[in-house]
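Engineer: Have a peek at data31.cif (mmCIF, C-alpha atoms).
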```
data_input
loop_
_atom_site.label_atom_id
_atom_site.label_comp_id
_atom_site.auth_asym_id
_atom_site.auth_seq_id
_atom_site.Cartn_x
_atom_site.Cartn_y
_atom_site.Cartn_z
CA MET A 214 -19.45 -25.51 0.10
CA ALA A 215 -18.98 -21.77 0.36
CA LYS A 216 -21.57 -19.46 -1.15
CA VAL A 217 -20.34 -16.33 -2.92
CA LEU A 218 -22.80 -13.45 -2.52
CA LYS A 219 -20.49 -10.90 -4.14
CA ASP A 220 -17.43 -11.56 -6.26
CA GLY A 221 -14.57 -9.34 -7.33
CA ILE A 222 -12.83 -8.61 -10.60
CA ASP A 223 -12.14 -11.42 -13.05
CA PRO A 224 -8.60 -12.77 -12.47
CA GLY A 225 -7.81 -12.48 -16.17
CA ILE A 226 -8.61 -8.77 -16.19
CA ALA A 227 -6.51 -8.25 -13.07
CA LYS A 228 -3.57 -10.08 -14.68
CA ALA A 229 -3.79 -7.93 -17.80
CA ALA A 230 -3.67 -4.83 -15.61
CA ASP A 231 -0.64 -6.21 -13.77
CA ASP A 232 1.12 -6.93 -17.07
CA LYS A 233 0.57 -3.35 -18.20
CA VAL A 234 2.02 -2.01 -14.96
CA ARG A 235 5.03 -4.31 -15.32
CA ASP A 236 5.82 -3.03 -18.82
CA ILE A 237 5.49 0.63 -17.82
CA VAL A 238 7.74 0.15 -14.79
CA GLU A 239 10.38 -1.73 -16.75
CA ALA A 240 10.67 1.05 -19.35
CA THR A 241 10.65 3.77 -16.70
CA LEU A 242 13.42 2.21 -14.62
CA ALA A 243 15.56 1.77 -17.72
CA ASP A 244 15.12 5.46 -18.49
CA ILE A 245 16.08 6.48 -14.95
CA GLU A 246 19.18 4.30 -15.08
CA LYS A 247 20.19 5.85 -18.40
CA ARG A 248 19.38 9.52 -17.83
CA GLY A 249 19.41 9.92 -14.06
CA ASP A 250 18.18 13.25 -12.69
CA ALA A 251 16.80 14.36 -16.06
CA ALA A 252 14.47 11.37 -16.23
CA VAL A 253 13.46 11.77 -12.58
CA ARG A 254 12.59 15.44 -13.14
CA GLU A 255 10.50 14.69 -16.25
CA LEU A 256 8.54 12.03 -14.38
CA SER A 257 7.98 14.28 -11.38
CA VAL A 258 6.66 17.07 -13.60
CA LYS A 259 4.49 14.67 -15.60
CA PHE A 260 2.85 12.82 -12.72
CA ASP A 261 3.05 15.22 -9.76
CA LYS A 262 3.29 18.60 -11.53
CA TRP A 263 6.33 19.12 -9.30
CA ASP A 264 9.64 20.66 -10.34
CA ARG A 265 12.51 22.22 -8.41
CA ASP A 266 16.28 22.48 -8.64
CA ASP A 267 16.91 20.01 -5.82
CA TYR A 268 14.26 17.56 -4.60
CA ARG A 269 16.01 17.17 -1.26
CA LEU A 270 14.42 19.33 1.40
CA SER A 271 16.66 21.82 3.20
CA PRO A 272 16.76 22.17 7.01
CA ALA A 273 14.81 25.41 6.64
CA GLU A 274 12.07 23.67 4.65
CA ILE A 275 11.89 20.86 7.20
CA ASN A 276 11.57 23.36 10.04
CA ALA A 277 8.85 25.18 8.11
CA CYS A 278 6.89 21.93 7.85
CA LEU A 279 7.31 21.33 11.57
CA GLY A 280 6.02 24.85 12.12
CA GLU A 281 2.79 24.00 10.32
CA MET A 282 1.99 21.32 12.90
CA THR A 283 -0.07 22.19 15.96
CA ALA A 284 1.15 21.19 19.40
CA GLN A 285 -1.45 18.42 19.41
CA ASP A 286 -0.26 17.19 16.00
CA ILE A 287 3.27 16.86 17.36
CA LYS A 288 2.05 15.06 20.49
CA ASP A 289 0.04 12.63 18.39
CA ILE A 290 3.02 11.85 16.15
CA GLU A 291 5.21 11.43 19.22
CA PHE A 292 2.69 8.99 20.74
CA ALA A 293 2.60 6.84 17.60
CA GLN A 294 6.38 6.90 17.25
CA ASP A 295 6.84 5.97 20.91
CA GLN A 296 4.69 2.88 20.38
CA VAL A 297 6.49 1.86 17.18
CA ARG A 298 9.92 2.48 18.72
CA ASN A 299 9.08 0.54 21.87
CA PHE A 300 7.88 -2.55 20.00
CA ALA A 301 10.84 -2.38 17.57
CA GLU A 302 13.26 -2.24 20.50
CA ILE A 303 11.53 -5.25 22.09
CA GLN A 304 11.88 -7.12 18.79
CA LYS A 305 15.53 -6.13 18.44
CA ALA A 306 16.26 -7.43 21.93
CA ALA A 307 15.10 -10.85 20.71
CA LEU A 308 17.92 -10.84 18.16
CA ARG A 309 21.35 -11.65 19.54
CA ASP A 310 24.79 -12.54 18.36
CA VAL A 311 25.76 -16.14 19.12
CA GLU A 312 29.04 -17.99 19.50
CA VAL A 313 29.27 -21.61 20.54
CA GLU A 314 31.83 -24.44 20.61
CA THR A 315 30.04 -27.13 18.60
CA LEU A 316 32.94 -29.62 18.70
CA PRO A 317 36.09 -29.49 20.82
CA GLY A 318 38.12 -26.71 19.22
CA VAL A 319 35.44 -25.66 16.69
CA ILE A 320 33.80 -22.27 17.23
CA LEU A 321 30.75 -21.23 15.19
CA GLY A 322 28.89 -17.98 15.50
CA HIS A 323 26.89 -15.25 13.85
CA LYS A 324 26.81 -11.48 14.04
CA ASN A 325 23.80 -9.27 13.42
CA ILE A 326 24.83 -6.31 11.27
CA PRO A 327 22.45 -3.54 10.16
CA VAL A 328 22.03 -2.75 6.48
CA GLN A 329 24.16 0.33 5.86
CA GLU A 330 21.94 2.43 3.56
CA VAL A 331 18.17 2.20 3.32
CA GLY A 332 15.63 4.03 1.16
CA CYS A 333 12.18 4.43 2.70
CA TYR A 334 9.19 5.22 0.49
CA VAL A 335 6.26 7.02 2.14
CA PRO A 336 3.11 7.07 -0.02
CA GLY A 337 1.19 10.32 -0.05
CA GLY A 338 -0.31 11.07 -3.44
CA LYS A 339 -3.96 10.72 -2.36
CA TYR A 340 -3.49 11.08 1.39
CA PRO A 341 -0.45 12.27 3.39
CA MET A 342 0.30 8.88 4.97
CA LEU A 343 2.67 10.06 7.65
CA ALA A 344 2.35 6.77 9.55
CA SER A 345 4.52 5.07 6.94
CA ALA A 346 7.40 7.26 8.09
CA HIS A 347 7.20 5.77 11.58
CA MET A 348 7.03 2.26 10.24
CA SER A 349 10.05 2.44 7.97
CA VAL A 350 12.35 5.26 9.10
CA LEU A 351 11.95 4.73 12.83
CA THR A 352 12.27 0.95 12.61
CA ALA A 353 15.44 1.30 10.52
CA LYS A 354 16.80 3.75 13.08
CA VAL A 355 16.20 1.28 15.92
CA ALA A 356 17.98 -1.38 13.86
CA GLY A 357 21.04 0.87 13.66
CA VAL A 358 21.02 1.75 9.95
CA PRO A 359 23.62 4.56 9.49
CA ARG A 360 22.07 6.26 6.42
CA ILE A 361 18.30 6.50 6.00
CA VAL A 362 16.94 8.19 2.88
CA THR A 363 13.24 8.85 2.54
CA CYS A 364 10.99 9.93 -0.32
CA ALA A 365 7.36 11.03 -0.34
CA PRO A 366 5.43 12.68 -3.17
CA PRO A 367 4.32 16.29 -2.91
CA TYR A 368 0.80 16.79 -1.60
CA GLN A 369 -1.36 19.50 -3.14
CA GLY A 370 1.61 21.11 -4.84
CA LYS A 371 4.13 21.18 -2.00
CA PRO A 372 5.91 18.87 0.44
CA ALA A 373 3.38 17.22 2.74
CA ALA A 374 4.07 18.97 6.05
CA ALA A 375 2.79 16.10 8.21
CA ILE A 376 4.89 13.53 6.37
CA VAL A 377 7.99 15.70 6.51
CA ALA A 378 7.49 16.24 10.24
CA ALA A 379 7.13 12.51 10.83
CA GLN A 380 10.16 11.70 8.65
CA HIS A 381 12.31 14.20 10.52
CA MET A 382 11.07 13.17 13.97
CA ALA A 383 11.71 9.51 13.11
CA GLY A 384 15.35 10.29 12.28
CA ALA A 385 15.63 10.41 8.48
CA ASP A 386 19.05 11.59 7.26
CA GLU A 387 17.90 12.77 3.82
CA ILE A 388 14.34 13.81 2.96
CA TYR A 389 13.25 14.14 -0.67
CA ALA A 390 9.93 15.38 -2.04
CA LEU A 391 9.64 12.74 -4.76
CA GLY A 392 6.99 10.15 -5.48
CA GLY A 393 6.23 7.14 -7.61
CA ILE A 394 8.55 5.06 -9.75
CA GLN A 395 10.92 8.01 -10.01
CA ALA A 396 11.50 8.05 -6.25
CA VAL A 397 12.02 4.33 -5.91
CA GLY A 398 14.20 4.18 -9.02
CA ALA A 399 16.35 7.14 -7.93
CA MET A 400 17.00 5.66 -4.49
CA ALA A 401 17.85 2.21 -5.82
CA LEU A 402 19.79 3.11 -8.97
CA GLY A 403 21.25 6.42 -7.87
CA THR A 404 21.40 9.64 -9.88
CA GLU A 405 23.76 12.58 -10.05
CA SER A 406 22.15 14.07 -6.95
CA ILE A 407 20.96 10.99 -5.01
CA ALA A 408 23.44 8.34 -3.87
CA PRO A 409 22.06 4.80 -4.19
CA VAL A 410 20.91 2.74 -1.22
CA ASP A 411 21.32 -0.93 -0.37
CA MET A 412 17.67 -1.65 0.40
CA LEU A 413 14.19 -0.30 -0.39
CA VAL A 414 11.28 -0.47 2.04
CA GLY A 415 7.77 0.89 2.36
CA PRO A 416 4.33 0.43 0.81
CA GLY A 417 3.01 2.10 -2.31
CA ASN A 418 0.64 1.83 -5.23
CA ALA A 419 0.85 -0.87 -7.89
CA PHE A 420 3.61 0.99 -9.77
CA VAL A 421 5.77 1.47 -6.68
CA ALA A 422 5.31 -2.15 -5.65
CA GLU A 423 6.21 -3.40 -9.13
CA ALA A 424 9.26 -1.11 -9.24
CA LYS A 425 10.50 -2.64 -5.99
CA ARG A 426 9.91 -6.13 -7.36
CA GLN A 427 11.90 -5.40 -10.52
CA LEU A 428 14.73 -3.79 -8.55
CA TYR A 429 15.05 -6.74 -6.16
CA GLY A 430 18.49 -8.23 -6.58
CA ARG A 431 19.95 -4.89 -7.54
CA VAL A 432 18.96 -3.86 -4.02
CA GLY A 433 17.22 -5.64 -1.20
CA ILE A 434 13.53 -5.02 -0.52
CA ASP A 435 11.40 -5.54 2.53
CA LEU A 436 8.53 -7.40 0.85
CA PHE A 437 5.89 -7.05 -1.83
CA ALA A 438 3.69 -4.31 -0.35
CA GLY A 439 1.23 -3.15 -2.98
CA PRO A 440 -2.31 -1.75 -2.72
CA THR A 441 -3.98 -2.39 0.62
CA GLU A 442 -5.95 -5.60 1.16
CA THR A 443 -8.32 -6.33 4.01
CA MET A 444 -10.39 -9.29 5.13
CA VAL A 445 -13.02 -9.49 7.83
CA ILE A 446 -13.68 -12.92 9.34
CA ALA A 447 -16.91 -12.74 11.33
CA ASP A 448 -19.74 -14.77 12.80
CA GLU A 449 -22.95 -13.87 14.62
CA THR A 450 -21.05 -12.39 17.57
CA VAL A 451 -20.74 -9.06 15.72
CA ASP A 452 -23.07 -6.91 13.63
CA ALA A 453 -23.15 -5.50 10.12
CA GLU A 454 -22.18 -1.97 11.11
CA ILE A 455 -18.79 -2.96 12.48
CA CYS A 456 -18.10 -5.35 9.58
CA ALA A 457 -19.01 -2.76 6.95
CA THR A 458 -17.00 -0.06 8.71
CA ASP A 459 -13.89 -2.23 8.84
CA LEU A 460 -14.23 -3.16 5.16
CA LEU A 461 -14.67 0.40 3.92
CA GLY A 462 -12.05 1.73 6.32
CA GLN A 463 -9.44 0.04 4.15
CA ALA A 464 -11.22 0.22 0.79
CA GLU A 465 -10.85 4.00 0.96
CA HIS A 466 -7.10 3.65 0.34
CA GLY A 467 -7.72 3.59 -3.39
CA PRO A 468 -9.74 2.12 -6.23
CA ASP A 469 -7.68 -1.09 -6.29
CA SER A 470 -7.85 -2.14 -2.63
CA PRO A 471 -9.56 -5.54 -2.18
CA ALA A 472 -11.94 -5.95 0.78
CA VAL A 473 -13.34 -9.39 1.63
CA LEU A 474 -15.98 -10.50 4.13
CA LEU A 475 -15.83 -14.15 5.19
CA THR A 476 -18.65 -15.27 7.46
CA THR A 477 -20.60 -18.30 8.56
CA SER A 478 -23.81 -16.24 8.67
CA GLU A 479 -25.70 -15.46 5.48
CA LYS A 480 -27.87 -13.06 7.48
CA LEU A 481 -24.78 -11.08 8.57
CA ALA A 482 -23.42 -11.18 5.02
CA ARG A 483 -26.55 -9.66 3.49
CA GLU A 484 -26.89 -7.09 6.24
CA THR A 485 -23.25 -6.09 5.76
CA ILE A 486 -23.75 -5.60 2.02
CA ALA A 487 -26.69 -3.32 2.77
CA GLU A 488 -24.73 -1.44 5.44
CA VAL A 489 -21.81 -0.92 3.03
CA GLU A 490 -24.21 0.71 0.59
CA ARG A 491 -25.61 2.95 3.33
CA LEU A 492 -22.15 4.04 4.49
CA LEU A 493 -21.08 4.78 0.93
CA THR A 494 -23.73 7.49 0.79
CA ILE A 495 -22.17 9.37 3.71
CA LEU A 496 -18.47 8.43 3.73
CA PRO A 497 -16.37 11.43 2.57
CA THR A 498 -13.91 9.07 0.86
CA ALA A 499 -16.64 7.11 -0.91
CA GLY A 500 -15.20 8.11 -4.29
CA HIS A 501 -12.31 5.69 -3.83
CA ALA A 502 -14.07 3.25 -1.54
CA ARG A 503 -17.02 2.63 -3.85
CA VAL A 504 -14.84 1.83 -6.87
CA SER A 505 -12.71 -0.48 -4.75
CA TRP A 506 -15.72 -2.24 -3.24
CA GLU A 507 -17.59 -2.64 -6.52
CA THR A 508 -14.51 -3.86 -8.39
CA TYR A 509 -12.64 -5.94 -5.82
CA GLY A 510 -15.06 -6.47 -2.92
CA GLN A 511 -16.11 -10.03 -2.06
CA VAL A 512 -18.65 -11.50 0.32
CA ILE A 513 -18.39 -15.24 0.97
CA VAL A 514 -20.54 -17.39 3.27
CA ALA A 515 -18.76 -20.51 4.54
CA GLU A 516 -20.43 -23.60 5.96
CA ASP A 517 -18.40 -23.55 9.19
CA HIS A 518 -15.24 -22.22 10.79
CA ASP A 519 -13.05 -24.93 9.29
CA GLU A 520 -14.07 -23.91 5.77
CA MET A 521 -13.69 -20.25 6.68
CA LEU A 522 -10.13 -20.92 7.89
CA LYS A 523 -9.22 -22.71 4.66
CA LEU A 524 -10.62 -19.90 2.53
CA ALA A 525 -8.81 -17.28 4.61
CA ASN A 526 -5.46 -19.04 4.26
CA ASP A 527 -5.99 -19.44 0.51
CA ILE A 528 -6.87 -15.75 0.00
CA CYS A 529 -3.94 -14.75 2.24
CA SER A 530 -4.97 -11.16 2.76
CA GLU A 531 -2.68 -8.42 4.03
CA HIS A 532 -4.93 -7.42 6.97
CA VAL A 533 -7.21 -9.96 8.63
CA GLN A 534 -9.76 -8.72 11.18
CA VAL A 535 -11.10 -11.68 13.19
CA MET A 536 -14.35 -11.18 15.14
CA THR A 537 -15.73 -14.55 16.17
CA ASP A 538 -16.46 -16.70 19.19
CA ARG A 539 -13.04 -18.35 18.73
CA ASP A 540 -10.51 -15.64 17.85
CA ASP A 541 -7.59 -17.46 19.50
CA TRP A 542 -8.37 -20.55 17.41
CA TYR A 543 -7.72 -18.47 14.30
CA LEU A 544 -4.49 -17.12 15.81
CA GLU A 545 -3.37 -20.69 16.40
CA HIS A 546 -4.32 -22.07 12.98
CA MET A 547 -3.99 -19.27 10.45
CA THR A 548 -0.82 -19.42 8.34
CA GLY A 549 -1.48 -17.09 5.40
CA TYR A 550 -1.84 -13.39 6.24
CA GLY A 551 0.07 -10.18 6.81
CA ALA A 552 -1.20 -9.22 10.27
CA LEU A 553 -4.06 -10.37 12.48
CA PHE A 554 -6.40 -8.08 14.38
CA LEU A 555 -8.16 -10.17 16.99
CA GLY A 556 -11.52 -9.19 18.42
CA ALA A 557 -13.91 -6.33 17.88
CA ARG A 558 -12.00 -4.03 20.24
CA THR A 559 -9.08 -3.71 17.83
CA ASN A 560 -9.04 -2.95 14.12
CA VAL A 561 -6.71 -2.39 11.17
CA ALA A 562 -6.61 1.38 11.69
CA TYR A 563 -5.01 0.85 15.12
CA GLY A 564 -2.23 -1.15 13.50
CA ASP A 565 -1.95 1.29 10.62
CA LYS A 566 -1.49 4.36 12.77
CA ALA A 567 -0.69 4.09 16.44
CA ILE A 568 -0.69 0.78 18.30
CA GLY A 569 2.98 -0.05 17.64
CA THR A 570 3.07 -3.00 15.24
CA ASN A 571 4.33 -2.30 11.73
CA HIS A 572 1.81 -1.54 8.99
CA THR A 573 4.06 -2.41 6.03
CA LEU A 574 2.70 -5.87 5.29
CA PRO A 575 2.79 -8.46 2.47
CA THR A 576 0.17 -8.28 -0.29
CA LYS A 577 -0.57 -10.38 -3.39
CA LYS A 578 -0.43 -13.57 -1.27
CA ALA A 579 3.17 -12.88 -0.22
CA GLY A 580 2.07 -13.69 3.32
CA ARG A 581 2.56 -17.32 2.32
CA TYR A 582 6.33 -16.86 2.66
CA THR A 583 7.04 -13.64 4.55
CA GLY A 584 5.77 -11.56 7.41
CA GLY A 585 5.65 -7.79 7.53
CA LEU A 586 8.35 -5.19 7.97
CA TRP A 587 10.07 -5.33 11.35
CA VAL A 588 13.40 -4.39 12.85
CA GLY A 589 14.91 -7.71 11.78
CA LYS A 590 14.38 -6.86 8.09
CA PHE A 591 17.07 -4.20 8.44
CA ILE A 592 19.54 -6.57 10.07
CA LYS A 593 21.71 -9.10 8.25
CA THR A 594 22.83 -12.21 10.10
CA HIS A 595 26.36 -13.20 9.07
CA SER A 596 28.02 -16.41 10.19
CA TYR A 597 31.69 -16.99 11.01
CA GLN A 598 33.84 -19.91 12.10
CA ARG A 599 37.07 -20.42 13.95
CA VAL A 600 39.06 -23.65 14.46
CA LEU A 601 41.22 -23.52 17.57
CA THR A 602 43.16 -26.81 17.60
CA ASP A 603 45.12 -29.02 15.24
CA GLU A 604 42.98 -31.99 16.22
CA ALA A 605 39.74 -30.20 15.35
CA SER A 606 41.04 -29.10 11.96
CA ALA A 607 42.19 -32.61 11.09
CA LEU A 608 38.92 -34.18 12.26
CA VAL A 609 36.70 -31.87 10.21
CA GLY A 610 39.20 -32.03 7.34
CA ARG A 611 38.91 -35.80 6.90
CA TYR A 612 35.12 -35.66 6.77
CA THR A 613 35.20 -32.67 4.44
CA SER A 614 37.65 -34.31 2.05
CA ARG A 615 35.59 -37.46 1.66
CA LEU A 616 32.37 -35.47 1.18
CA CYS A 617 34.05 -33.30 -1.46
CA MET A 618 35.13 -36.37 -3.39
CA LEU A 619 31.56 -37.68 -3.36
CA GLU A 620 30.72 -34.52 -5.32
CA GLY A 621 33.77 -34.70 -7.57
CA PHE A 622 35.36 -31.53 -6.21
CA GLN A 623 39.07 -32.38 -6.15
CA GLY A 624 40.11 -28.80 -5.42
CA HIS A 625 37.72 -28.54 -2.52
CA ALA A 626 39.05 -31.83 -1.17
CA GLU A 627 42.62 -30.57 -1.35
CA GLN A 628 41.67 -27.56 0.79
CA ALA A 629 40.82 -30.09 3.48
CA ASN A 630 43.74 -32.42 2.69
CA VAL A 631 46.40 -29.78 3.20
CA ARG A 632 45.05 -29.17 6.71
CA VAL A 633 44.98 -32.89 7.46
CA ARG A 634 48.64 -33.17 6.38
CA ARG A 635 49.72 -30.16 8.38
CA TYR A 636 47.68 -30.59 11.52
CA GLY A 637 46.83 -34.33 11.65
CA HIS A 638 50.12 -35.41 13.30
CA GLN A 639 49.71 -38.82 11.65
CA ASN A 640 51.23 -40.54 8.64
CA VAL A 641 48.07 -39.98 6.66
CA PRO A 642 48.89 -37.73 3.67
CA TYR A 643 45.23 -37.20 2.75
CA ALA A 644 41.82 -38.54 3.52
CA GLU A 645 40.96 -41.98 2.25
CA GLY A 646 39.60 -41.81 -1.30
CA ALA A 647 41.06 -38.37 -2.10
CA ALA A 648 44.16 -38.37 -4.30
CA PRO A 649 46.84 -35.77 -3.58
CA VAL A 650 47.28 -32.79 -5.84
CA LYS A 651 50.65 -32.54 -7.60
CA GLY A 652 52.95 -30.27 -5.69
CA ALA A 653 50.91 -30.45 -2.51
CA ASP A 654 52.66 -30.06 0.80
CA ALA A 655 54.32 -33.22 2.11
CA ALA A 656 52.62 -34.90 5.01
CA GLU A 657 54.12 -34.35 8.40
#
```
Let me see the structure of the file written as structure tokens.
Structural biologist:
Amino acid sequence: MAKVLKDGIDPGIAKAADDKVRDIVEATLADIEKRGDAAVRELSVKFDKWDRDDYRLSPAEINACLGEMTAQDIKDIEFAQDQVRNFAEIQKAALRDVEVETLPGVILGHKNIPVQEVGCYVPGGKYPMLASAHMSVLTAKVAGVPRIVTCAPPYQGKPAAAIVAAQHMAGADEIYALGGIQAVGAMALGTESIAPVDMLVGPGNAFVAEAKRQLYGRVGIDLFAGPTETMVIADETVDAEICATDLLGQAEHGPDSPAVLLTTSEKLARETIAEVERLLTILPTAGHARVSWETYGQVIVAEDHDEMLKLANDICSEHVQVMTDRDDWYLEHMTGYGALFLGARTNVAYGDKAIGTNHTLPTKKAGRYTGGLWVGKFIKTHSYQRVLTDEASALVGRYTSRLCMLEGFQGHAEQANVRVRRYGHQNVPYAEGAAPVKGADAAE
């Protein structure tokens, strides 16, 4: 049985916090829907101390932000975007339209059509997370989305230059300096100055994630991507320094970012706890990381790898760093996670920033039923059918009619019957068991 050396927040307390967020978001979205730009402006002033006549950035403002970047900054952004674009294009190439003759004279197919209007949220209240622009805007661009709107909160009282540069370089059509519920609500619901979108994507804090959840159905969403979660699965093949570094590297996102160590070594577990405490005395972002670690951090010692695998799948963390003597075994058997980072040579920061995979990943155990954001999330697959011959229509029609009658759908059955009468070339007015509808066409 697993031994818990450090546990996180009580689930009941966490649920109460979630309920409070839900209520705040529900009231805020209702206000945005009712009052539009006025509500958005009030929220922006209240939470970001940010007010202006038009929250959309002008070409001159975008160019000014680009001008704040050094040549090396631009090269670094270009490198990251090249990696993201390349992998997204590889993924898109795996998607193809299909058309096949499944029966003589029966053609079935599907077309892949991009979502037409997408709103991308780029978080940046605590840190200017420019990487989220690559992950959402650029991936949508590769998918072929015609209109891409993006919002990011102001940073230190003005548009975050690095985020704006990344948004523009990724191909955003409209760039707004707006954050929080007001940004997500404005993009989804529309206001006097912002036309609504068809889909919302991008990570965010608990309020942004809950806003997306409540807006789902009104618009599409990528997935539930709330506060960052990370898990380190380790055995004696690695040391405490690398485990502690990988845990705190994600805990610094904010005070509500769970970090979990799963290990088969109690010695490594205790050494990692001590190393976390040492690093928290020197880490510049320890203010966030310490609260996150003390509130949500967990350290669990499993009896063996089988138990560690079960615990990992049950926890279903967003990021899972695997550093063991059997990393490929975890790749083969893990089913609940957002993304895997296999071996000590890679880490979550690579995936977050530059390696090319997408960093918008499922949280809150959503990895049980969805993967992360990718080019396919922006593409809808629509089916179509075509019947080429009279014989094919009559054949499918007879089966369809009988199946409809099993369900009691007389009208559905008659849709099939009229084709059987017209195209069957037999003295069979309708399929056996399906009575004709009064006034129906006479059989041929």
Engineer: Determine, using all atoms listed in the file, which residues of segment 305-413 of chain A have any atom at most 12 Å from an atom of segment 553-572 of chain A, and tabulate each with its shortest atom pair and distance in Å to one decimal place, rows ordered by chain and then rising number, as CSV.
Structural biologist:
```
residue,atom,partner,partner_atom,distance
A:Val335,CA,A:His572,CA,11.8
A:Met342,CA,A:Lys566,CA,9.2
A:Leu343,CA,A:Lys566,CA,8.7
A:Ala344,CA,A:Lys566,CA,5.6
A:Ser345,CA,A:His572,CA,7.4
A:Ala346,CA,A:Lys566,CA,10.5
A:His347,CA,A:Asn571,CA,8.6
A:Met348,CA,A:Asn571,CA,5.5
A:Ser349,CA,A:Asn571,CA,8.3
A:Val350,CA,A:Asn571,CA,11.3
A:Leu351,CA,A:Asn571,CA,10.4
A:Thr352,CA,A:Asn571,CA,8.6
A:Ala353,CA,A:Asn571,CA,11.7
```
Engineer: Just give me the gap between atom CA of Pro327 of chain A and atom CA of Gly589 of chain A in Å, one decimal is fine.
Structural biologist: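 According to the coordinates, atom CA of Pro327 of chain A and atom CA of Gly589 of chain A are separated by 8.8 Å.
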Engineer: What's around Gln463 of chain A at 10 Å? Count only C-alpha atoms, leave out sequence neighbours fewer than 6 positions away in its own chain, and write the answer as number ranges by chain.
Structural biologist: A: 441-444, 470-472, 502, 505-506, 532, 561-562, 565
Engineer: Give as a ChimeraX atom specification every residue, naming chains and numbers as the document does, that has an atom within 7 Å of (12.1, 7.5, 3.5), counting only C-alpha atoms.
Structural biologist: /A:332-335,346,350,361-364,380,385,388
Engineer: What is the atom CA of Tyr340 of chain A-atom CA of Thr498 of chain A distance in Å, reported with one decimal?
Structural biologist: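 Calculated distance between atom CA of Tyr340 of chain A and atom CA of Thr498 of chain A is 10.6 Å.
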Engineer: Please expand the PyMOL selection byres ((chain A and resi 445) around 10) into the concrete residues it hits in this file, giving the result as a list in words.
Structural biologist: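 The output of the PyMOL selection byres ((chain A and resi 445) around 10) on this file is Thr443, Met444, Ile446, Ala447, Asp448, Ile455, Cys456, Ala457, Asp459, Leu460, Ala472, Val473, Leu474, Leu475, Thr476, Val512, Ala525, Ser530, His532, Val533, Gln534, Val535, Met536, Phe554 and Asn560 of chain A.
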Engineer: List as a list of chain:residue names: which residues have an atom within 6 Å of (13.0, 15.2, -4.9), counting all atoms listed in the file?
Structural biologist: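 Residues satisfying the cut-off, written out: A:Tyr268, A:Arg269, A:Tyr389, A:Ala390, A:Leu391.
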Engineer: Grab the atom CA of Ala306 of chain A to atom CA of Lys354 of chain A distance for me, in Å with one decimal place.
Structural biologist: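 These two atoms are separated by 14.3 Å.
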Engineer: Using the chain letters and numbers from this file, what does the PyMOL selection byres ((chain A and resi 529) around 9) select? Give the answer as JSON, numbers by chain.
Structural biologist: {"A": [444, 524, 525, 526, 527, 528, 530, 531, 532, 533, 548, 549, 550, 551, 576, 577, 578, 579, 580, 581]}
Engineer: Given the file above and the PyMOL selection byres ((chain A and resi 366) around 6), which residues are selected, and can you give them as an MDAnalysis selection string?
Structural biologist: chainID A and resid 337:338 365 367 390:392
Engineer: Hey, what's within 12 Å of Ala227 of chain A if we count all atoms listed in the file and toss same-chain stuff fewer than 6 positions away? As a list in words, please?
Structural biologist: Gly221, Lys233, Val234, Ala419, Asp469, Pro471, Thr508, Tyr509 and Lys577 of chain A
Engineer: Taking into account all atoms listed in the file, which residue in the set A:Cys278, A:Val633, A:Val397, A:Ala422 is nearest to Leu256 of chain A?
Structural biologist: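 Going through A:Cys278, A:Val633, A:Val397, A:Ala422 one by one, the smallest distance to Leu256 of chain A is for A:Val397.
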Engineer: Taking into account only C-alpha atoms, which residue in the set A:Arg615, A:Val331, A:Arg634, A:Ser606 is nearest to Val319 of chain A?
Structural biologist: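 The answer is A:Ser606, which sits nearest to Val319 of chain A.
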Engineer: Quick one: of A:Val631, A:Ala487, A:Met382, A:Leu522, who's nearest to Phe292 of chain A, counting only C-alpha atoms?
Structural biologist: A:Met382
Engineer: With all atoms listed in the file as the atoms that count, which of A:Leu316, A:Ala307, A:Leu492, A:Ile287 lies nearest to Val609 of chain A?
Structural biologist: A:Leu316
Engineer: Can we get segment 327-331 of chain A of that structure written down with N, CA, C and O atoms, as a PDB file, in the first residue's frame?
Structural biologist:
```pdb
ATOM      1  N   PRO A 327     -12.143  23.667 -41.266  1.00  0.00           N
ATOM      2  CA  PRO A 327     -11.707  24.410 -40.086  1.00  0.00           C
ATOM      3  C   PRO A 327     -12.832  25.212 -39.458  1.00  0.00           C
ATOM      4  O   PRO A 327     -13.745  25.677 -40.161  1.00  0.00           O
ATOM      5  N   VAL A 328     -12.798  25.344 -38.142  1.00  0.00           N
ATOM      6  CA  VAL A 328     -13.688  26.265 -37.446  1.00  0.00           C
ATOM      7  C   VAL A 328     -13.436  27.658 -38.029  1.00  0.00           C
ATOM      8  O   VAL A 328     -12.301  28.022 -38.326  1.00  0.00           O
ATOM      9  N   GLN A 329     -14.500  28.445 -38.189  1.00  0.00           N
ATOM     10  CA  GLN A 329     -14.363  29.701 -38.920  1.00  0.00           C
ATOM     11  C   GLN A 329     -13.860  30.865 -38.073  1.00  0.00           C
ATOM     12  O   GLN A 329     -13.171  31.749 -38.576  1.00  0.00           O
ATOM     13  N   GLU A 330     -14.202  30.895 -36.782  1.00  0.00           N
ATOM     14  CA  GLU A 330     -13.793  32.016 -35.930  1.00  0.00           C
ATOM     15  C   GLU A 330     -13.405  31.486 -34.560  1.00  0.00           C
ATOM     16  O   GLU A 330     -14.205  30.830 -33.895  1.00  0.00           O
ATOM     17  N   VAL A 331     -12.185  31.767 -34.147  1.00  0.00           N
ATOM     18  CA  VAL A 331     -11.652  31.223 -32.902  1.00  0.00           C
ATOM     19  C   VAL A 331     -11.127  32.355 -32.021  1.00  0.00           C
ATOM     20  O   VAL A 331     -10.466  33.284 -32.499  1.00  0.00           O
TER      21      VAL A 331
END
```
